[in-house]
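**Student:** Dropping in entry06.csv, with CSV, C-alpha atoms.
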chain,number,residue,atom,x,y,z
A,1,MET,CA,121.2,57.8,95.3
A,2,GLY,CA,123.6,55.5,93.5
A,3,ILE,CA,123.3,51.7,93.1
A,4,SER,CA,125.8,50.9,95.8
A,5,ARG,CA,124.0,53.1,98.3
A,6,THR,CA,120.7,51.4,97.4
A,7,ALA,CA,122.4,48.0,97.9
A,8,GLN,CA,123.8,49.1,101.2
A,9,ASN,CA,120.5,50.3,102.5
A,10,PHE,CA,118.9,47.0,101.4
A,11,GLU,CA,121.6,45.1,103.3
A,12,HIS,CA,121.0,47.1,106.4
A,13,ALA,CA,117.3,46.4,106.2
A,14,VAL,CA,117.9,42.7,105.7
A,15,ARG,CA,120.2,42.6,108.8
A,16,ALA,CA,117.9,44.8,110.9
A,17,TYR,CA,114.5,43.2,110.1
A,18,SER,CA,115.1,39.6,109.0
A,19,ALA,CA,114.9,38.2,112.6
A,20,ASP,CA,111.6,40.0,113.4
A,21,LEU,CA,110.1,39.0,110.1
A,22,TYR,CA,111.2,35.4,110.6
A,23,ARG,CA,109.6,35.3,114.1
A,24,TYR,CA,106.4,36.9,112.8
A,25,ALA,CA,106.2,34.3,110.0
A,26,TRP,CA,107.0,31.5,112.4
A,27,TRP,CA,104.2,32.4,114.8
A,28,LEU,CA,101.8,32.4,111.9
A,29,CYS,CA,102.8,29.2,110.2
A,30,ARG,CA,104.8,27.3,113.0
A,31,ASP,CA,107.1,25.8,110.4
A,32,ARG,CA,110.7,27.0,110.4
A,33,HIS,CA,111.4,25.9,106.9
A,34,LEU,CA,108.3,27.7,105.5
A,35,ALA,CA,109.1,30.7,107.7
A,36,GLU,CA,112.6,31.0,106.3
A,37,ASP,CA,111.4,30.5,102.7
A,38,VAL,CA,108.8,33.3,103.2
A,39,VAL,CA,111.5,35.6,104.6
A,40,GLN,CA,113.8,35.0,101.7
A,41,GLU,CA,111.1,35.5,99.1
A,42,THR,CA,109.9,38.6,100.9
A,43,PHE,CA,113.4,40.2,100.6
A,44,ALA,CA,113.7,38.9,97.0
A,45,ARG,CA,110.5,40.7,96.1
A,46,ALA,CA,111.5,43.8,98.0
A,47,TRP,CA,114.9,44.0,96.3
A,48,LYS,CA,113.3,44.2,92.9
A,49,SER,CA,111.5,47.5,93.9
A,50,TRP,CA,114.0,48.7,96.5
A,51,ALA,CA,115.3,51.5,94.4
A,52,GLU,CA,111.8,53.0,94.2
A,53,LEU,CA,111.4,53.1,98.0
A,54,ARG,CA,111.4,56.8,98.8
A,55,ASP,CA,111.3,56.7,102.6
A,56,VAL,CA,113.4,54.0,104.2
A,57,THR,CA,111.7,54.6,107.6
A,58,LEU,CA,108.7,52.9,106.0
A,59,ALA,CA,110.7,49.9,104.9
A,60,LYS,CA,109.7,47.6,107.8
A,61,ALA,CA,106.0,48.2,107.3
A,62,TRP,CA,106.4,47.6,103.6
A,63,LEU,CA,108.3,44.4,104.2
A,64,VAL,CA,105.5,43.2,106.5
A,65,THR,CA,102.9,43.8,103.8
A,66,ILE,CA,105.0,41.9,101.3
A,67,MET,CA,105.4,39.1,103.8
A,68,ARG,CA,101.7,38.9,104.5
A,69,ASN,CA,101.1,38.5,100.8
A,70,GLU,CA,103.7,35.7,100.6
A,71,LEU,CA,102.2,33.9,103.6
A,72,ALA,CA,98.7,34.3,102.0
A,73,ARG,CA,100.1,32.7,98.8
A,74,SER,CA,101.5,29.8,100.8
A,75,PHE,CA,98.3,29.3,102.8
A,76,SER,CA,95.9,30.0,100.0
A,77,ARG,CA,95.2,26.3,99.3
A,78,HIS,CA,94.8,25.4,102.9
A,79,LYS,CA,93.4,28.5,104.8
A,80,PRO,CA,90.5,30.9,104.3
A,81,ALA,CA,91.3,34.6,103.8
A,82,LEU,CA,91.8,36.5,107.0
A,83,ASP,CA,89.0,38.8,108.0
A,84,ILE,CA,89.8,40.6,111.2
A,85,ASP,CA,86.3,41.9,111.7
A,86,ALA,CA,84.6,38.6,111.3
A,87,VAL,CA,85.6,37.1,114.6
A,88,GLY,CA,83.6,37.7,117.8
A,89,GLU,CA,84.6,37.6,121.4
A,90,ALA,CA,82.9,34.2,121.7
A,91,GLU,CA,85.8,32.8,119.6
A,92,LEU,CA,88.4,33.6,122.2
A,93,PRO,CA,89.9,30.3,123.2
A,94,ALA,CA,88.6,28.6,126.3
A,95,LEU,CA,91.9,28.4,128.2
A,96,PRO,CA,92.5,25.1,129.8
A,97,SER,CA,91.6,24.8,133.4
A,98,PHE,CA,95.3,24.1,134.3
A,99,GLU,CA,96.3,27.3,132.5
A,100,SER,CA,98.8,28.2,135.2
A,101,GLN,CA,100.8,25.1,134.1
A,102,LEU,CA,101.0,26.3,130.5
A,103,GLU,CA,103.7,28.6,129.2
A,104,THR,CA,103.2,31.8,127.4
A,105,ALA,CA,104.1,30.4,124.1
A,106,GLN,CA,101.4,27.8,124.3
A,107,LEU,CA,98.8,30.5,125.3
A,108,VAL,CA,99.8,32.6,122.3
A,109,SER,CA,99.4,29.6,120.1
A,110,LEU,CA,95.9,29.2,121.4
A,111,LEU,CA,94.8,32.7,120.4
A,112,PRO,CA,92.8,32.9,117.2
A,113,GLU,CA,94.8,34.2,114.3
A,114,THR,CA,92.8,37.5,114.2
A,115,TYR,CA,94.0,38.3,117.7
A,116,ARG,CA,97.5,36.8,117.4
A,117,GLU,CA,98.5,38.7,114.2
A,118,PRO,CA,98.0,42.2,115.6
A,119,LEU,CA,99.7,41.2,118.8
A,120,LEU,CA,102.7,39.9,116.9
A,121,LEU,CA,102.8,43.0,114.8
A,122,GLN,CA,102.9,45.2,117.9
A,123,VAL,CA,105.2,43.1,120.1
A,124,LEU,CA,107.6,41.9,117.5
A,125,GLY,CA,107.2,44.7,115.0
A,126,GLY,CA,106.8,47.6,117.3
A,127,PHE,CA,103.9,49.0,115.2
A,128,SER,CA,101.2,51.3,116.5
A,129,CYS,CA,97.5,50.4,116.3
A,130,ALA,CA,97.1,52.9,113.4
A,131,GLU,CA,100.0,51.3,111.5
A,132,ILE,CA,98.6,47.8,112.1
A,133,ALA,CA,95.2,48.9,111.0
A,134,GLY,CA,96.7,50.0,107.7
A,135,MET,CA,98.5,46.7,107.2
A,136,LEU,CA,95.5,44.6,108.0
A,137,ALA,CA,93.1,46.9,106.1
A,138,THR,CA,90.8,47.5,109.1
A,139,THR,CA,90.1,50.3,111.5
A,140,GLU,CA,92.3,51.4,114.4
A,141,GLY,CA,89.4,50.8,116.7
A,142,ALA,CA,89.1,47.2,115.6
A,143,VAL,CA,92.8,46.6,116.1
A,144,MET,CA,92.6,48.2,119.6
A,145,THR,CA,89.7,45.8,120.5
A,146,ARG,CA,91.6,42.7,119.3
A,147,LEU,CA,94.8,43.7,121.2
A,148,THR,CA,92.9,44.4,124.3
A,149,ARG,CA,91.1,41.1,124.2
A,150,ALA,CA,94.3,39.2,123.4
A,151,ARG,CA,96.1,40.7,126.4
A,152,GLN,CA,93.1,40.1,128.6
A,153,ALA,CA,93.3,36.4,127.6
A,154,LEU,CA,97.0,36.3,128.4
A,155,ARG,CA,96.5,38.1,131.7
A,156,GLN,CA,94.3,35.3,133.0
A,157,HIS,CA,97.5,33.2,132.9
A,158,PHE,CA,99.9,35.7,134.5
A,159,VAL,CA,97.9,37.4,137.2
A,160,GLU,CA,96.9,35.5,140.2
A,161,PRO,CA,93.2,36.0,141.0
A,162,ALA,CA,94.1,37.5,144.4
A,163,ALA,CA,96.5,40.0,142.9
A,164,ARG,CA,94.0,40.9,140.2
A,165,LYS,CA,91.4,41.5,143.0
A,166,ALA,CA,93.9,43.7,144.9
A,167,ILE,CA,94.3,46.1,142.0
A,168,LYS,CA,90.7,46.4,141.1
B,1,MET,CA,90.5,60.2,131.4
B,2,ASN,CA,89.0,57.7,133.9
B,3,CYS,CA,90.3,54.4,135.1
B,4,LEU,CA,88.4,52.3,132.6
B,5,GLU,CA,89.7,54.4,129.6
B,6,PHE,CA,93.2,54.2,131.0
B,7,ARG,CA,93.1,50.4,131.2
B,8,ARG,CA,91.8,50.1,127.7
B,9,CYS,CA,94.6,52.3,126.4
B,10,LYS,CA,97.2,50.3,128.4
B,11,LEU,CA,95.9,46.9,127.1
B,12,ALA,CA,95.7,48.1,123.5
B,13,ASP,CA,99.3,49.5,123.3
B,14,PRO,CA,101.2,49.4,126.6
B,15,ARG,CA,104.2,51.3,125.2
B,16,ARG,CA,102.4,54.2,123.6
B,17,LEU,CA,100.3,55.9,126.2
B,18,PRO,CA,98.7,59.2,125.2
B,19,GLU,CA,99.5,62.2,127.3
B,20,GLU,CA,96.2,62.2,129.2
B,21,ALA,CA,96.8,58.5,130.1
B,22,ARG,CA,100.2,59.3,131.5
B,23,ALA,CA,98.7,62.1,133.5
B,24,HIS,CA,96.0,59.8,134.9
B,25,VAL,CA,98.3,57.0,136.0
B,26,SER,CA,100.7,59.4,137.7
B,27,GLY,CA,97.8,60.3,140.2
B,28,CYS,CA,96.1,56.9,140.4
B,29,PRO,CA,97.8,54.2,142.5
B,30,SER,CA,95.3,51.5,141.4
B,31,CYS,CA,96.0,52.2,137.7
B,32,ALA,CA,99.7,52.4,138.4
B,33,ALA,CA,99.6,48.9,139.8
B,34,PHE,CA,97.6,47.7,136.9
B,35,ALA,CA,100.2,49.3,134.5
B,36,ARG,CA,103.1,47.5,136.3
B,37,GLU,CA,101.3,44.2,135.9
B,38,VAL,CA,100.6,44.7,132.2
B,39,ASP,CA,104.3,45.7,131.7
B,40,GLU,CA,105.4,42.5,133.4
B,41,THR,CA,103.1,40.5,131.2
B,42,GLU,CA,104.5,42.3,128.1
B,43,ARG,CA,108.0,41.4,129.1
B,44,GLU,CA,107.1,37.8,129.5
B,45,LEU,CA,105.3,37.9,126.1
B,46,GLU,CA,108.4,39.4,124.4
B,47,ARG,CA,110.5,36.6,125.9
B,48,ALA,CA,108.1,33.9,124.7
B,49,LEU,CA,107.8,35.3,121.1
B,50,ALA,CA,111.6,35.5,120.6
B,51,VAL,CA,111.9,32.1,119.0
B,52,PRO,CA,115.4,31.2,117.8
B,53,VAL,CA,116.3,32.5,114.4
B,54,PRO,CA,118.2,30.2,112.1
B,55,GLU,CA,121.9,31.1,111.9
B,56,GLY,CA,122.9,32.9,108.7
B,57,LEU,CA,119.3,33.8,107.8
B,58,ALA,CA,120.2,37.4,106.8
B,59,ASP,CA,123.1,36.2,104.6
B,60,ARG,CA,120.9,33.6,102.9
B,61,ALA,CA,118.2,36.2,102.3
B,62,LEU,CA,120.7,38.6,100.8
B,63,LEU,CA,122.1,35.9,98.6
B,64,HIS,CA,118.7,34.8,97.5
B,65,ALA,CA,117.5,38.3,96.8
B,66,ARG,CA,120.5,39.3,94.6
B,67,ALA,CA,121.1,35.9,92.9
B,68,PRO,CA,120.7,35.8,89.1
B,69,ARG,CA,117.0,35.0,88.8
B,70,ARG,CA,116.9,33.1,85.6
B,71,ALA,CA,119.1,30.2,86.7
B,72,TRP,CA,117.5,30.2,90.1
B,73,ARG,CA,114.1,30.0,88.5
B,74,ARG,CA,115.0,26.9,86.5
B,75,TRP,CA,116.2,25.2,89.6
B,76,ALA,CA,113.2,26.3,91.5
B,77,LEU,CA,110.8,25.0,88.9
B,78,ALA,CA,112.6,21.6,88.9
B,79,ALA,CA,112.6,21.5,92.7
B,80,SER,CA,108.9,22.4,92.9
B,81,VAL,CA,108.0,19.6,90.4
B,82,LEU,CA,110.0,17.2,92.5
B,83,ALA,CA,108.6,18.5,95.7
B,84,ALA,CA,105.0,18.2,94.4
B,85,LEU,CA,105.7,14.6,93.3
B,86,ALA,CA,107.2,13.8,96.7
B,87,LEU,CA,104.4,15.5,98.6
B,88,GLY,CA,101.8,13.7,96.5
B,89,ALA,CA,103.5,10.4,97.1
B,90,PHE,CA,103.7,11.1,100.8
B,91,GLN,CA,100.0,12.1,101.1
B,92,PHE,CA,99.0,9.0,99.0
B,93,ALA,CA,101.1,6.9,101.4
B,94,ARG,CA,99.5,8.5,104.4
B,95,GLN,CA,95.9,8.1,103.1
B,96,ASP,CA,96.7,4.5,102.3
B,97,GLN,CA,98.2,3.8,105.7
B,98,PRO,CA,95.9,1.7,107.8
B,99,ALA,CA,97.4,2.7,111.1
B,100,LEU,CA,98.0,6.4,110.3
B,101,TYR,CA,97.4,7.8,113.8
B,102,ALA,CA,99.6,5.2,115.4
B,103,HIS,CA,102.4,6.2,113.0
B,104,LEU,CA,101.7,9.9,113.7
B,105,ALA,CA,102.0,9.2,117.5
B,106,ILE,CA,105.4,7.6,116.9
B,107,GLU,CA,106.4,10.5,114.7
B,108,HIS,CA,105.3,13.0,117.4
B,109,VAL,CA,107.5,11.3,120.0
B,110,VAL,CA,110.5,11.0,117.7
B,111,MET,CA,110.2,14.7,116.9
B,112,GLU,CA,110.1,15.7,120.6
B,113,PRO,CA,113.0,13.9,122.2
B,114,GLN,CA,113.3,16.5,125.0
B,115,SER,CA,110.1,15.0,126.4
B,116,PHE,CA,112.3,12.2,127.8
B,117,THR,CA,115.1,14.4,129.1
B,118,THR,CA,113.1,17.3,130.5
B,119,VAL,CA,110.9,17.5,133.6
B,120,ARG,CA,108.1,19.8,132.8
B,121,ASN,CA,104.7,20.5,134.5
B,122,ALA,CA,105.3,17.2,136.4
B,123,ASP,CA,102.3,17.7,138.6
B,124,ALA,CA,99.5,15.2,139.4
B,125,ASP,CA,96.9,18.0,139.7
B,126,ALA,CA,97.8,19.3,136.2
B,127,PHE,CA,97.3,15.7,134.9
B,128,ARG,CA,94.0,15.4,136.7
B,129,ALA,CA,92.9,18.7,135.1
B,130,VAL,CA,94.0,17.5,131.7
B,131,VAL,CA,91.9,14.3,132.1
B,132,GLN,CA,88.9,16.3,133.3
B,133,GLU,CA,89.3,18.7,130.3
B,134,PHE,CA,89.1,15.6,128.2
B,135,GLY,CA,85.8,14.6,129.8
B,136,ALA,CA,87.2,11.6,131.7
B,137,THR,CA,87.8,10.8,135.4
B,138,LEU,CA,91.1,10.0,136.9
B,139,LYS,CA,90.9,7.2,139.5
B,140,GLU,CA,94.6,6.8,140.1
B,141,ILE,CA,97.9,8.2,138.6
B,142,PRO,CA,99.3,5.5,136.3
B,143,GLY,CA,103.0,6.2,137.2
B,144,THR,CA,105.2,9.1,138.0
B,145,ILE,CA,104.5,12.1,135.8
B,146,ARG,CA,107.6,13.7,134.2
B,147,TYR,CA,106.3,15.9,131.4
B,148,ILE,CA,103.0,17.5,130.3
B,149,ARG,CA,102.8,19.7,127.3
B,150,LEU,CA,100.0,20.9,125.0
B,151,CYS,CA,101.2,20.1,121.5
B,152,PRO,CA,100.1,20.8,117.9
B,153,VAL,CA,99.0,17.4,116.4
B,154,GLU,CA,97.3,16.4,113.2
B,155,GLY,CA,94.2,18.6,112.8
B,156,GLY,CA,94.4,20.3,116.2
B,157,TYR,CA,96.1,20.0,119.5
B,158,GLY,CA,96.7,17.3,122.1
B,159,TRP,CA,98.3,16.8,125.5
B,160,HIS,CA,101.7,15.0,125.5
B,161,VAL,CA,102.3,13.3,128.8
B,162,VAL,CA,105.3,11.2,129.8
B,163,PHE,CA,105.2,8.8,132.7
B,164,GLU,CA,107.9,6.9,134.6
B,165,THR,CA,106.6,3.4,135.1
B,166,PRO,CA,108.3,0.2,136.5
B,167,ALA,CA,108.9,-0.8,132.8
B,168,GLY,CA,110.5,2.5,131.8
B,169,LEU,CA,109.3,5.7,130.3
B,170,ALA,CA,105.9,5.7,128.6
B,171,THR,CA,104.2,8.4,126.5
B,172,LEU,CA,100.5,9.1,126.6
B,173,LEU,CA,99.0,11.5,124.0
B,174,LEU,CA,95.5,12.7,124.6
B,175,VAL,CA,93.9,14.1,121.5
B,176,PRO,CA,90.4,15.6,121.9
B,177,GLY,CA,87.8,16.0,119.2
B,178,LYS,CA,89.1,13.4,116.7
B,179,HIS,CA,87.0,10.3,116.4
B,180,LEU,CA,88.6,7.2,115.1
B,181,PRO,CA,86.6,4.1,114.1
B,182,ALA,CA,88.9,1.5,115.6
B,183,THR,CA,92.0,0.8,117.6
B,184,GLN,CA,95.3,1.1,115.7
B,185,SER,CA,98.8,-0.1,116.4
B,186,ALA,CA,102.1,0.3,114.7
B,187,SER,CA,105.8,-0.2,115.1
B,188,ALA,CA,108.5,2.0,113.6
B,189,ALA,CA,111.9,3.5,114.3
B,190,GLY,CA,112.3,1.4,117.4
B,191,TRP,CA,108.9,2.5,118.9
B,192,ASN,CA,105.6,0.8,119.3
B,193,ALA,CA,102.3,2.7,119.4
B,194,LEU,CA,98.7,1.9,120.3
B,195,VAL,CA,95.9,4.3,119.5
B,196,ARG,CA,92.5,3.7,121.1
B,197,PRO,CA,89.3,5.7,120.4
B,198,VAL,CA,87.5,6.9,123.5
B,199,ARG,CA,84.7,9.2,124.3
B,200,GLY,CA,85.8,12.7,123.4
B,201,GLY,CA,88.6,11.8,121.1
B,202,TYR,CA,91.4,9.3,121.3
B,203,TYR,CA,94.5,8.4,123.3
B,204,ALA,CA,97.8,7.0,122.0
B,205,ILE,CA,100.5,5.2,123.9
B,206,VAL,CA,104.1,5.0,122.7
B,207,THR,CA,106.7,2.9,124.3
B,208,PRO,CA,109.8,1.0,123.0
B,209,SER,CA,108.0,-2.4,122.8
B,210,ALA,CA,104.6,-3.9,122.1
B,211,ASP,CA,104.8,-5.6,125.5
B,212,ALA,CA,105.4,-2.4,127.4
B,213,THR,CA,102.7,-0.6,125.3
B,214,SER,CA,100.2,-3.3,126.2
B,215,ARG,CA,101.1,-3.2,129.9
B,216,PHE,CA,100.8,0.6,130.0
B,217,ASP,CA,97.5,0.5,128.1
B,218,ARG,CA,96.1,-1.8,130.8
B,219,MET,CA,97.2,0.7,133.5
B,220,ILE,CA,95.6,3.5,131.6
B,221,ARG,CA,92.3,1.6,131.3
B,222,ASP,CA,92.4,0.8,135.0
B,223,CYS,CA,93.3,4.3,136.2
B,224,ILE,CA,91.1,6.4,133.9
B,225,LEU,CA,87.3,6.2,133.5
B,226,TRP,CA,86.6,7.3,130.0
B,227,ALA,CA,82.8,7.2,130.0
Please lay out the structure from this file as structure tokens.
**Tutor:**
Amino acid sequence: MGISRTAQNFEHAVRAYSADLYRYAWWLCRDRHLAEDVVQETFARAWKSWAELRDVTLAKAWLVTIMRNELARSFSRHKPALDIDAVGEAELPALPSFESQLETAQLVSLLPETYREPLLLQVLGGFSCAEIAGMLATTEGAVMTRLTRARQALRQHFVEPAARKAIK
Amino acid sequence: MNCLEFRRCKLADPRRLPEEARAHVSGCPSCAAFAREVDETERELERALAVPVPEGLADRALLHARAPRRAWRRWALAASVLAALALGAFQFARQDQPALYAHLAIEHVVMEPQSFTTVRNADADAFRAVVQEFGATLKEIPGTIRYIRLCPVEGGYGWHVVFETPAGLATLLLVPGKHLPATQSASAAGWNALVRPVRGGYYAIVTPSADATSRFDRMIRDCILWA
């Protein structure tokens, strides 16, 4: 593959994935300036090694891994390291009693990061549980449990109690 | 596969059902209804997560990635030194500020101008629930509610409520969990704020004038029992 082809593939990847990567970063840091910085730095780091990428179908997962490292660097002075297995069900947020008044975005914000991150990777990134487990260095079963609990928490908001009863 | 296993699969990855799960749902009306409801939640979730992306992001990322690194690094180093100095000065100023939370309340209102132009969750029952969530009792609604939103604030989250009062629009921020030693007040950028510690946290009032703030504070104290 020549240099120009490499550059072309890289540009395609930037245009295809920058929006999803930005949204993923935004939902983790809730700061548009930091999210954009992290996206730019992610692609800058990726470009340095882009010619060595053998399978472009893996580019998105690779970019997410770079971005997680960039975010960790940004957060390292302020946040503890993320341990997806260290959070129990008791840490699910107690949703406010007026939950029906809140919007989805606010409910997502209330999810602990250990639940929010796999949810973002699946909904924004389109990754499978096995792929997410690889990125977060945990087991597929642990990811499935986090995703199930995250969606159960969100369902409390969306499904009317009566409707929920009807489909049980 | 039974119904319980199907529902676990559906909640873990709604778009990638294994073959046996697809076989189960095709013959189970109850799980089919459950799957439709999960799919609807998923669509709503996708809409919510699609925050606006800055215009030109991809172009800037390309430019940044391919820019000559040496020159960029010199500028980045200079910029980071300046940023560190500015941040240090800002944090020093904040630590030194006697009415920090009153200033933060004003900053919050200034940064959320749509709270004055949007009607959102304008519901007395929702406000009653917010007050109960805070551990207080609402005796009377202190005006017409226009806006309620759960917002990120310094060190946590708080409820941002806007009321229409005879003296104009007034903002009430209810912040649980943060205990302040004393009342604070501040004026900045054409706004006046009063922050009052109460049981369970603090509340802040922001209006355009000290007079309006004081009047609305009296209304709040008359209408809400904080004990």
**Student:** Can you pull out every residue within 12 Å of A:Asp55, counting only C-alpha atoms, but drop anything in the same chain fewer than 5 positions away, and send it as an NGL selection string?
**Tutor:** :A and (6 or 9 or 50 or 60-62)
**Student:** Give me, as a tab-separated table, the closest atom pair and its distance (Å, one decimal) for every residue of chain B within a cut-off of 7 Å of chain A, counting all atoms listed in the file, rows sorted by chain and rising number.
**Tutor:**
residue	atom	partner	partner_atom	distance
B:Arg8	CA	A:Thr148	CA	6.7
B:Leu11	CA	A:Thr148	CA	4.8
B:Ala12	CA	A:Thr148	CA	4.7
B:Ser30	CA	A:Ile167	CA	5.5
B:Ala33	CA	A:Ile167	CA	6.4
B:Phe34	CA	A:Ile167	CA	6.3
B:Thr41	CA	A:Phe158	CA	6.6
B:Leu45	CA	A:Thr104	CA	6.6
B:Glu46	CA	A:Val123	CA	6.5
B:Ala48	CA	A:Ala105	CA	5.3
B:Leu49	CA	A:Ala105	CA	6.8
B:Ala50	CA	A:Arg23	CA	6.8
B:Val51	CA	A:Arg23	CA	6.3
B:Val53	CA	A:Ala19	CA	6.1
B:Ala58	CA	A:Arg15	CA	5.6
B:Ala61	CA	A:Gln40	CA	4.6
B:Leu62	CA	A:Val14	CA	7.0
B:His64	CA	A:Gln40	CA	6.5
B:Ala65	CA	A:Ala44	CA	3.9
B:Asn121	CA	A:Gln101	CA	6.0
B:Ala126	CA	A:Phe98	CA	5.7
B:Ala129	CA	A:Phe98	CA	6.0
**Student:** Could you tell me how far atom CA of B:Ala193 sits from atom CA of B:Val206, in Å to one decimal place?
**Tutor:**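 For atom CA of B:Val206 relative to atom CA of B:Ala193, the distance reads 4.4 Å.
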**Student:** Here is a test: counting only C-alpha atoms, which residue of B:Ala188, B:Leu57, B:Ile106, B:Ala32 is nearest to B:Thr171?
**Tutor:**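 That would be B:Ile106, the residue with the smallest distance to B:Thr171.
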**Student:** How far is it from atom CA of B:Gln132 to atom CA of B:Lys178, in Å with one decimal?
**Tutor:**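 So the two atoms, atom CA of B:Gln132 and atom CA of B:Lys178, lie 16.9 Å apart.
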**Student:** Rank B:Met1, B:Val130, B:Leu138, B:Val195 by their smallest atom-to-atom distance to B:Gly158, using all atoms listed in the file, and report the top residue only.
**Tutor:**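 Distance minimum relative to B:Gly158 lands on B:Val130.
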**Student:** Looking at all atoms listed in the file, which of B:Asp39, B:Asp217, B:Cys151, B:Ala212 is the one that sits closest to B:Met111?
**Tutor:**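 Nearest candidate to B:Met111 out of B:Asp39, B:Asp217, B:Cys151, B:Ala212: B:Cys151.
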**Student:** Between A:Ala142, A:Ile132, A:Ala137, A:Ala51, which one has atoms that come closest to A:Glu117, using all atoms listed in the file?
**Tutor:**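 Among A:Ala142, A:Ile132, A:Ala137, A:Ala51, it is A:Ile132 that comes nearest to A:Glu117.
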**Student:** Have a look at B:Ile141, B:Thr165, B:Ala23, B:Leu194 and name the one nearest to B:Asp125; count all atoms listed in the file.
**Tutor:** B:Ile141
**Student:** Using atom CA of A:Val64 and atom CA of B:Arg16 as the two end points, give the distance in Å to one decimal.
**Tutor:**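 If I compute the distance from atom CA of A:Val64 to atom CA of B:Arg16, I get 20.6 Å.
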**Student:** Counting all atoms listed in the file, which residue out of B:Ala136, B:Val25, B:Val119, B:Leu17 sits closest to B:Ile224?
**Tutor:**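 Looking at the shortest contact to B:Ile224, the residue is B:Ala136.
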**Student:** Neighbours of B:Arg146 within 10 Å (only C-alpha atoms; same-chain residues fewer than 3 positions away dropped), as an mmCIF file with C-alpha atoms, in the frame of the given file?
**Tutor:**
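And here is the file that came out, result.cif:
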data_model
loop_
_atom_site.group_PDB
_atom_site.id
_atom_site.type_symbol
_atom_site.label_atom_id
_atom_site.label_comp_id
_atom_site.auth_asym_id
_atom_site.auth_seq_id
_atom_site.Cartn_x
_atom_site.Cartn_y
_atom_site.Cartn_z
ATOM 1 C CA SER B 115 110.100 15.000 126.400
ATOM 2 C CA PHE B 116 112.300 12.200 127.800
ATOM 3 C CA THR B 117 115.100 14.400 129.100
ATOM 4 C CA THR B 118 113.100 17.300 130.500
ATOM 5 C CA VAL B 119 110.900 17.500 133.600
ATOM 6 C CA ARG B 120 108.100 19.800 132.800
ATOM 7 C CA ASN B 121 104.700 20.500 134.500
ATOM 8 C CA ALA B 122 105.300 17.200 136.400
ATOM 9 C CA ASP B 123 102.300 17.700 138.600
ATOM 10 C CA ALA B 124 99.500 15.200 139.400
ATOM 11 C CA GLY B 143 103.000 6.200 137.200
ATOM 12 C CA VAL B 161 102.300 13.300 128.800
ATOM 13 C CA VAL B 162 105.300 11.200 129.800
ATOM 14 C CA PHE B 163 105.200 8.800 132.700
ATOM 15 C CA GLU B 164 107.900 6.900 134.600
ATOM 16 C CA LEU B 169 109.300 5.700 130.300
ATOM 17 C CA ALA B 170 105.900 5.700 128.600
ATOM 18 C CA THR B 171 104.200 8.400 126.500
#
